[in-house]
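Trainee: Questions regarding the structure given below will be posed in turn.
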Amino acid sequence: MVERLWVELDGARLHYQRAGSGEPVILIHGLSASSRWWSPNVGALAEHFEVYVIDLIGFGRSRGRQRFVLSESAALLARWMEAAEIERAHVVGHSMGGFIAAQLAAEFPEKVLRLALVDAAVPLPRQRRLEHVSHLGRELRYTPLRFLPLLATDAVRAGPKTVWGAFNQMLTADIERQLGQIQAPTLLVWGEHDTLVPPAIADRLAELIPDIRRVVIAGSGHKPMLERPTEFNRAVIEFLTAAANPP
């Protein structure tokens, strides 16, 4: 059973969901998305873990007086963990959520058990904005048709101001110098055909993060958790359960 929960924090009303039992796992969505993007994954993960799926401020059901600020999101997430009584957790972040997850692991290492970065925008390729938009159009070919309404409604719910503001912050954000501080064992999960955040970004992350391994999801674009959920779930569960079942 999935519980829908809210917490008031720093003038924001944050929505999150909880399911399953065991070690906590936090799932962080990407730009113009919401917790609903993890719907094909929660059930499988909840068979092994206590799964938490949060809506970032301005996205999904979460709203606040303040606007979304990428550089402050990791610290806000750490405070949310305290409010939700989560001492330590595995953290999985997709795209922009991967940026936030990596920053959380670097700045609050005591809170992160294991880290999975899914096509993480850390950082985005240094391209013009129109190039990113053109890549977005090509990326949609890998999205199952049944998920297109979800993508559209989440983008509309967030609104152009929030989405465009977060997008511009991602283009200029840089936490490369912090990545060497990550202590958590880290898994890179990348879609084979990602054009938004290409595999060269994963190559760079592999150079910067000390304890890292990598999985490529064949036939997937930028959203492997939606496009190839069976393969994605298997890879993440194997990585996270390895902590409890060392060789």
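By convention here, the chains of the structure tokens are called A, B, ... in the order presented, each chain's residues are numbered starting at 1, and ligands are numbered starting at 1 in the order presented.
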I'd like the neighbourhood of Ala19 of chain A as a list in words, where a residue qualifies if any of its atoms comes within 7 Å (using only C-alpha atoms), though same-chain residues fewer than 5 positions away should be ignored.
Mentor: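 Non-adjacent residues within range: Met1, Val2, Glu3, Ala46, Glu50, Val51 and Tyr52 of chain A.
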Trainee: Taking the DSSP secondary structure from the backbone, can you list the residues of segment 23-245 of chain A that are strand (DSSP E), as a ChimeraX atom specification?
Mentor: /A:24-28,50-54,63-64,89-94,112-118,186-191,212-217
Trainee: As a PyMOL selection string, list the residues of segment 30-234 of chain A assigned to helix (DSSP H, G or I) by DSSP on the backbone atoms of this structure.
Mentor: chain A and resi 35-46+70-83+96-107+109-111+129-142+145-158+160-172+176-179+199-208+224-227+229-234
Trainee: Select, from A:Tyr16, A:Trp164, A:Trp38, A:Phe68, the residue with the minimum atom-to-atom distance to Asp55 of chain A, counting only C-alpha atoms.
Mentor: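 Result for the nearest residue to Asp55 of chain A: A:Tyr16.
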Trainee: Taking only C-alpha atoms into account, produce a table as JSON lines in which each residue of segment 168-187 of chain A with an atom at most 8 Å from an atom of segment 105-109 of chain A appears once, together with its shortest atom pair and the distance in Å to one decimal, ordered by chain and rising number.
Mentor:
```
{"residue": "A:Gln178", "atom": "CA", "partner": "A:Ala106", "partner_atom": "CA", "distance": 6.0}
{"residue": "A:Leu179", "atom": "CA", "partner": "A:Ala106", "partner_atom": "CA", "distance": 6.2}
{"residue": "A:Gly180", "atom": "CA", "partner": "A:Ala106", "partner_atom": "CA", "distance": 7.7}
{"residue": "A:Gln181", "atom": "CA", "partner": "A:Ala106", "partner_atom": "CA", "distance": 5.2}
{"residue": "A:Ile182", "atom": "CA", "partner": "A:Ala106", "partner_atom": "CA", "distance": 4.6}
{"residue": "A:Gln183", "atom": "CA", "partner": "A:Pro109", "partner_atom": "CA", "distance": 6.4}
{"residue": "A:Ala184", "atom": "CA", "partner": "A:Ala105", "partner_atom": "CA", "distance": 7.0}
```
Trainee: Go ahead and write the selection's residues with N, CA and C atoms as a short mmCIF file (atom, residue, chain, number, x, y, z; two decimals), in the first residue's frame.
Mentor:
```cif
data_model
loop_
_atom_site.label_atom_id
_atom_site.label_comp_id
_atom_site.auth_asym_id
_atom_site.auth_seq_id
_atom_site.Cartn_x
_atom_site.Cartn_y
_atom_site.Cartn_z
N GLN A 178 32.78 19.11 -5.93
CA GLN A 178 32.24 18.43 -4.76
C GLN A 178 32.14 16.91 -4.93
N LEU A 179 32.17 16.45 -6.16
CA LEU A 179 31.89 15.04 -6.40
C LEU A 179 32.92 14.11 -5.77
N GLY A 180 34.14 14.57 -5.64
CA GLY A 180 35.17 13.76 -5.00
C GLY A 180 34.93 13.55 -3.52
N GLN A 181 34.00 14.33 -2.94
CA GLN A 181 33.67 14.18 -1.52
C GLN A 181 32.65 13.08 -1.26
N ILE A 182 32.06 12.54 -2.32
CA ILE A 182 31.03 11.51 -2.15
C ILE A 182 31.67 10.24 -1.61
N GLN A 183 31.17 9.78 -0.48
CA GLN A 183 31.68 8.58 0.17
C GLN A 183 30.85 7.34 -0.13
N ALA A 184 29.60 7.53 -0.51
CA ALA A 184 28.68 6.41 -0.73
C ALA A 184 29.06 5.65 -1.99
#
```
